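Right, one structure below, let's go through it.
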Amino acid sequence: MRIPQHSVEYHRYMKALKLVVLLGAFLFARPLRAKTVVDFDPNLDYSKYKTYAFLGGIDNLVSLVVNPDLIEVRLYHSVSHELEKHGLREVNSQNHPDLIVRYWANASSQVDVAVTGNWGPYGANIGGYWTFLYNDVSASSQREGALVIDLIDPKTKGLAWRVYVVRKITEPEKVWKKVAEELAKAFDTYPPSEQAKEEKRKERAAHPPKSA
């Protein structure tokens with residue numbers, strides 16, 4: 001039924017419509033809530049990891065609007081602090097570290113960044129049992145961007161532990177304190193407990209890798 005433009009009902013309808021539009025714009029303009037996710041290999045003996053070396057970021061970070069040197073300095077201090085809290089000692093990469101620390105990041109327009117860039121001897125590790133959480137985080141980071149920190153076993157060149165921090169990372173001066181706090185919470189779960197390992201095994205059993 002058509003409502004006459006000069007009627008009281010018409011004005012009420014237009015007022016309600018404007019309210020719906022404004023609420024919709026507000027909701028869709030709100031950024032996604034920050035998300036921190038930890039993934040790890042539940043079949044490893046983490047007690048064997050005593051030392052680490054900081055590798056830095058991968059080459060395609062130069063395409064970010066964030067200064068990659070600034071990210072590296074801040075991450076180095078935060079991650080080193082957390083690992084040393086858990087008894088790990090930093091060594092030179094030439095001194096056969098037990099773990100390699102690598103980070104990478106993507107802005108919202110770079111969701112598929114992991115398939116590009118120079119990864120050197122250590123792959124992106126976004127396949128196999130690492131696929132499920134990577135895909136979940138990639139979907140979230142379409143609007144926010146993700147920072148990823150990897151702990152890699154250099155002997156096997158396999159990923160041991162990973163943390164994703166999903167939030168806006170284009171203004172590190174404003175958000176770095178929050179990022180550092182979330183990293184600290186994530187590293188509180190390192191090394192994984194036996195209960196956490198069992199839960200991770202169940203998760204991986206429920207989300208097995210797709211056949212090639």
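Each chain in the structure tokens gets a letter, A, B and so on, in the order shown; residues start at 1 in every chain, and ligands are counted from 1 in the order they appear.
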
Test item: residues at most 7 Å from segment 39-51 of chain A, only C-alpha atoms, excluding those fewer than 6 positions along its chain, as a compact mmCIF listing (two decimals) with N, CA and C atoms, in the first residue's frame:
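File produced: out_20.txt:
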# COMPACT_ATOMS: atom_id res chain seq x y z
N LEU A 88 63.95 -19.48 27.06
CA LEU A 88 64.72 -19.61 25.83
C LEU A 88 65.77 -18.51 25.74
N ARG A 89 66.88 -18.83 25.11
CA ARG A 89 68.01 -17.89 25.02
C ARG A 89 68.29 -17.58 23.55
N GLU A 90 68.49 -16.31 23.26
CA GLU A 90 68.77 -15.92 21.89
C GLU A 90 70.22 -16.22 21.52
N VAL A 91 70.42 -16.74 20.32
CA VAL A 91 71.75 -17.00 19.79
C VAL A 91 71.81 -16.48 18.36
N PRO A 97 70.49 -22.51 16.19
CA PRO A 97 69.38 -22.32 17.15
C PRO A 97 68.37 -23.45 17.07
N ASP A 98 67.69 -23.68 18.17
CA ASP A 98 66.64 -24.70 18.20
C ASP A 98 65.37 -24.22 17.50
N LEU A 99 65.14 -22.92 17.51
CA LEU A 99 63.97 -22.33 16.87
C LEU A 99 64.37 -21.10 16.06
N ALA A 160 56.51 -25.04 14.22
CA ALA A 160 56.24 -25.61 15.54
C ALA A 160 55.08 -24.91 16.23
N TRP A 161 55.06 -23.58 16.14
CA TRP A 161 54.08 -22.79 16.90
C TRP A 161 53.84 -21.50 16.14
N ARG A 162 52.62 -21.01 16.16
CA ARG A 162 52.27 -19.79 15.42
C ARG A 162 51.22 -19.01 16.17
N VAL A 163 51.33 -17.68 16.11
CA VAL A 163 50.28 -16.82 16.67
C VAL A 163 49.85 -15.81 15.61
N PRO A 191 55.10 -23.15 26.45
CA PRO A 191 54.78 -24.25 25.54
C PRO A 191 53.39 -24.79 25.81
N LYS A 197 47.49 -29.84 23.95
CA LYS A 197 47.91 -30.71 22.85
C LYS A 197 46.79 -31.69 22.48
N LYS A 200 44.14 -29.88 20.63
CA LYS A 200 44.59 -29.57 19.27
C LYS A 200 44.52 -30.81 18.38
N ARG A 201 44.84 -31.97 18.92
CA ARG A 201 44.73 -33.21 18.14
C ARG A 201 43.28 -33.45 17.71

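Contact shell of Gly120 of chain A at 12 Å (only C-alpha atoms; same-chain neighbours under 4 positions omitted): A:Leu55, A:Gly56, A:Gly57, A:Ile58, A:Asp59, A:Arg102, A:Thr116, A:Ala124, A:Pro154, A:Lys157.
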
Quick one: residues within 9 Å of Tyr129 of chain A, only C-alpha atoms, excluding same-chain residues fewer than 2 positions away - as a PyMOL selection string? chain A and resi 41+126-127+131-133+204+207-209

Option closest in space to Asn125 of chain A, from A:Ala205, A:Ile100, A:Leu159, A:Val137 [counting only C-alpha atoms]: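 Answer, going by the shortest atom-to-atom distance: A:Leu159.
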
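Straight-line separation from atom CA of Val73 of chain A to atom CA of Thr189 of chain A: 23.3 Å.
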